[in-house]
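Undergrad: Before we start, here is the structure in question, set down as structure tokens.
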Amino acid sequence: MAVTFFFVLGGFAMTLGYKDKITREDFNYRQYLTRRCIKFYPLHWLCLFAILPLFVLSFSWKQIPILALNAALLQTWIPLKGVYFSFNAVSWYLADTMFFAIVFPFILKWIVAASPKGRGLIAALMAVVYVAVTMLIPEEKYHAILYISPYMRLMDFVLGIFLALGYLNLKESQSFKWNSTVSQIVIFSLIALLVVESCLLSETATLIAPVYWIPVALLILIASLSERVGGGRFYETNGYSVLANSVSPSLWCIR
């Protein structure tokens, strides 16, 4: 549930932070990607090599390709637990996030350029693909494919892009705004719903991201549209995109 939340929030935040830059004709993809790499790789390598001494006794030459994949943040493309959870296991999340950053400008331009009908078709295609994959793969592959693989988690990220574009339209039209008190009540109710949902679902169902999409999307959208806790602006500080005053205290509790 939390992973889904942060992947969706990532697409939402990057769209608000980069939409105007990416849709300009003078957008420099190389410069953008260089900044992403500088942000991700040095710290990843530091953590990776800091943890290597723990594997000295069990390390073999056969693990060198796996180490190389991990260092390149490509480990999640191999649907084997021994690969995507290799060495610094939690870096799988960073590997997916790096992939999202690489394809983000192309996806954003594609969605922004599409007509409302075209956007609907893109969303429908996402849903069809997800359902088809879920039906075709065996349950024992759910963790590797639905929970880990970047091409499936990309759908969470793209949902965040759609959500951000919808938020911008509502904000520009000024036709919709949540009262702060009401929004806080709804936000805490949605958080409670997500927690209860994740506890009651079977272990297999919890790996299927769409079971969280609606509450997560509402959570982010309502917090952003709130009169007092929403409508913030993005700032770039020391390489980190910070969304100021646009996520309620209840969302920061999750963070």
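So you can find residues: chains in the structure tokens are A, B, ... in the order shown, residues in each start at 1, and ligands are numbered from 1 in order.
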Give me, as a list in words, all polymer residues having an atom no more than 12 Å from A:Phe85, counting only C-alpha atoms and skipping those fewer than 4 positions away in the same chain.
TA: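 Near A:Phe85, the qualifying residues are Ile66, Leu67, Leu69, Asn70, Leu73, Leu74, Gln75, Thr76, Trp77, Ile78, Pro79, Leu80, Lys81, Ala89, Val90, Ser91, Trp92, Tyr93, Leu94, Ala95, His143, Ala144, Ile148 and Ser149 of chain A.
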Undergrad: The selected residues should be written to file as a compact mmCIF listing (two decimals), in the first residue's frame (atoms: C-alpha atoms).
TA:
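Saved result, result11.txt, follows:
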# COMPACT_ATOMS: atom_id res chain seq x y z
CA ILE A 66 24.25 -9.60 -10.27
CA LEU A 67 26.41 -7.01 -8.54
CA LEU A 69 23.08 -5.17 -12.43
CA ASN A 70 22.52 -3.82 -8.93
CA LEU A 73 20.02 -0.09 -10.99
CA LEU A 74 18.83 -2.70 -13.46
CA GLN A 75 18.17 -5.53 -11.01
CA THR A 76 14.38 -5.23 -11.13
CA TRP A 77 14.34 -6.23 -14.81
CA ILE A 78 15.23 -9.78 -13.80
CA PRO A 79 12.18 -11.45 -12.17
CA LEU A 80 14.26 -13.53 -9.76
CA LYS A 81 14.25 -12.76 -6.05
CA ALA A 89 17.74 -5.25 -1.17
CA VAL A 90 15.71 -2.05 -0.74
CA SER A 91 17.47 -0.46 -3.72
CA TRP A 92 14.91 -2.22 -5.95
CA TYR A 93 12.64 0.76 -5.28
CA LEU A 94 15.33 3.14 -6.47
CA ALA A 95 15.86 1.01 -9.60
CA HIS A 143 5.64 -10.56 -6.28
CA ALA A 144 8.28 -10.50 -9.02
CA ILE A 148 8.72 -5.40 -8.37
CA SER A 149 8.95 -5.17 -12.17
Undergrad: Give me the residues within 12 Å of A:Leu193 as a list in words, counting only C-alpha atoms and dropping any in the same chain fewer than 3 places off.
TA: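 That gives Met1, Val186, Ile187, Phe188, Ser189, Leu190, Val196, Glu197, Ser198, Cys199, Leu200, Leu201, Val211, Tyr212, Ile214, Pro215, Val216, Leu218 and Leu219 of chain A.
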Undergrad: Could you turn the residues from that selection into a file that holds C-alpha atoms, as a compact mmCIF listing (two decimals), in the first residue's frame?
TA:
# COMPACT_ATOMS: atom_id res chain seq x y z
CA MET A 1 0.00 0.00 0.00
CA VAL A 186 -11.76 12.81 4.50
CA ILE A 187 -7.97 12.37 4.36
CA PHE A 188 -7.78 10.61 7.72
CA SER A 189 -10.76 8.46 6.70
CA LEU A 190 -8.99 7.45 3.49
CA VAL A 196 -7.87 -1.60 6.98
CA GLU A 197 -7.89 -2.64 3.33
CA SER A 198 -4.26 -3.74 3.41
CA CYS A 199 -4.90 -5.73 6.60
CA LEU A 200 -8.06 -7.47 5.40
CA LEU A 201 -6.91 -8.39 1.88
CA VAL A 211 -6.80 -2.23 -5.17
CA TYR A 212 -5.22 0.93 -3.70
CA ILE A 214 -8.75 4.98 -5.96
CA PRO A 215 -8.15 5.74 -2.26
CA VAL A 216 -4.55 6.81 -2.95
CA LEU A 218 -8.33 10.68 -3.73
CA LEU A 219 -5.93 11.11 -0.85
Undergrad: Just give me the gap between atom CA of A:Thr97 and atom CA of A:Ser58 in Å, one decimal is fine.
TA: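 Separating atom CA of A:Thr97 from atom CA of A:Ser58 is a distance of 29.0 Å.
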Undergrad: Excluding A:Thr204 and residues on its chain fewer than 4 positions from it, collect all residues at most 9 Å away from it, counting only C-alpha atoms, and give them as a list in words.
TA: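 Here the qualifying residues turn out to be Glu139, Glu140, Tyr142, His143 and Ile208 of chain A.
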Undergrad: So how far away is atom CA of A:Ile161 from atom CA of A:Pro105, in Å?
TA: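 It comes out at 10.9 Å.
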Undergrad: Please identify which residues in stretch 21-236 of chain A DSSP calls strand (DSSP E or B) from the backbone, and express them as a list in words.
TA: Trp178, Ser226, Arg233, Phe234, Tyr235 and Glu236 of chain A
Undergrad: Mind checking DSSP for stretch 11-179 of chain A and telling me the helix (DSSP H, G or I) residues as a VMD selection string?
TA: chain A and resid 11 to 22 29 to 55 61 to 71 75 to 77 81 to 84 91 to 113 116 to 136 139 to 148 150 to 173
Undergrad: For A:Leu165, which of A:Leu194, A:Ile111, A:Leu146, A:Met152 is the closest residue, counting only C-alpha atoms?
TA: A:Ile111
Undergrad: Go through A:Val129, A:Val195, A:Ala164, A:Ala209 and flag the residue nearest A:Ile222, using only C-alpha atoms for the distances.
TA: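 Smallest separation from A:Ile222 among the options: A:Ala164.
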Undergrad: Please list as a VMD selection string every residue within 9 Å of A:Trp213, counting only C-alpha atoms and excluding residues in the same chain fewer than 3 positions away.
TA: chain A and resid 4 to 5 8 156 159 209 to 210 216 to 218
Undergrad: Output N, CA and C atoms of each residue in that selection to a file, as a tab-separated table (two decimals), in the first residue's frame.
TA:
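File selection-v7.tsv, as written:
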chain	number	residue	atom	x	y	z
A	4	THR	N	2.72	1.67	-3.37
A	4	THR	CA	1.80	2.22	-4.37
A	4	THR	C	1.61	3.72	-4.16
A	5	PHE	N	1.42	4.12	-2.91
A	5	PHE	CA	1.23	5.53	-2.59
A	5	PHE	C	2.41	6.36	-3.08
A	8	VAL	N	2.72	6.56	-6.99
A	8	VAL	CA	1.72	7.49	-7.53
A	8	VAL	C	2.12	8.92	-7.18
A	156	ASP	N	1.54	2.75	-11.81
A	156	ASP	CA	1.30	3.59	-10.64
A	156	ASP	C	1.81	5.01	-10.90
A	159	LEU	N	-0.38	6.86	-13.32
A	159	LEU	CA	-1.58	7.32	-12.62
A	159	LEU	C	-1.31	8.66	-11.94
A	209	ALA	N	-1.60	-3.61	-7.19
A	209	ALA	CA	-1.64	-2.17	-6.93
A	209	ALA	C	-3.02	-1.52	-7.15
A	210	PRO	N	-3.79	-1.90	-8.19
A	210	PRO	CA	-5.07	-1.23	-8.42
A	210	PRO	C	-6.06	-1.27	-7.25
A	216	VAL	N	-5.80	6.06	-2.87
A	216	VAL	CA	-4.55	6.81	-2.95
A	216	VAL	C	-4.72	8.07	-3.80
A	217	ALA	N	-5.38	7.92	-4.95
A	217	ALA	CA	-5.60	9.08	-5.83
A	217	ALA	C	-6.44	10.14	-5.14
A	218	LEU	N	-7.49	9.72	-4.46
A	218	LEU	CA	-8.33	10.68	-3.73
A	218	LEU	C	-7.56	11.36	-2.62
Undergrad: Given only C-alpha atoms as the basis, pick out the residue of A:Phe55, A:Phe27, A:Tyr41, A:Phe104 nearest to A:Phe157.
TA: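 Of the candidates, the smallest distance to A:Phe157 is held by A:Phe104.
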Undergrad: Quick one: residues within 10 Å of A:Leu108, only C-alpha atoms, excluding same-chain residues fewer than 6 positions away - as a VMD selection string?
TA: chain A and resid 11 14 to 15 18 to 19 22 to 23 114 158 161 to 162 165
Undergrad: A:Met155, A:Ala113, A:Met98, A:Leu170: which is nearest A:Leu33, counting only C-alpha atoms?
TA: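 Looking only at the distances to A:Leu33, the closest residue turns out to be A:Met98.
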Undergrad: Using atom CA of A:Ser86 and atom CA of A:Leu207 as the two end points, give the distance in Å to one decimal.
TA: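 Taking atom CA of A:Ser86 and atom CA of A:Leu207, their separation equals 20.0 Å.
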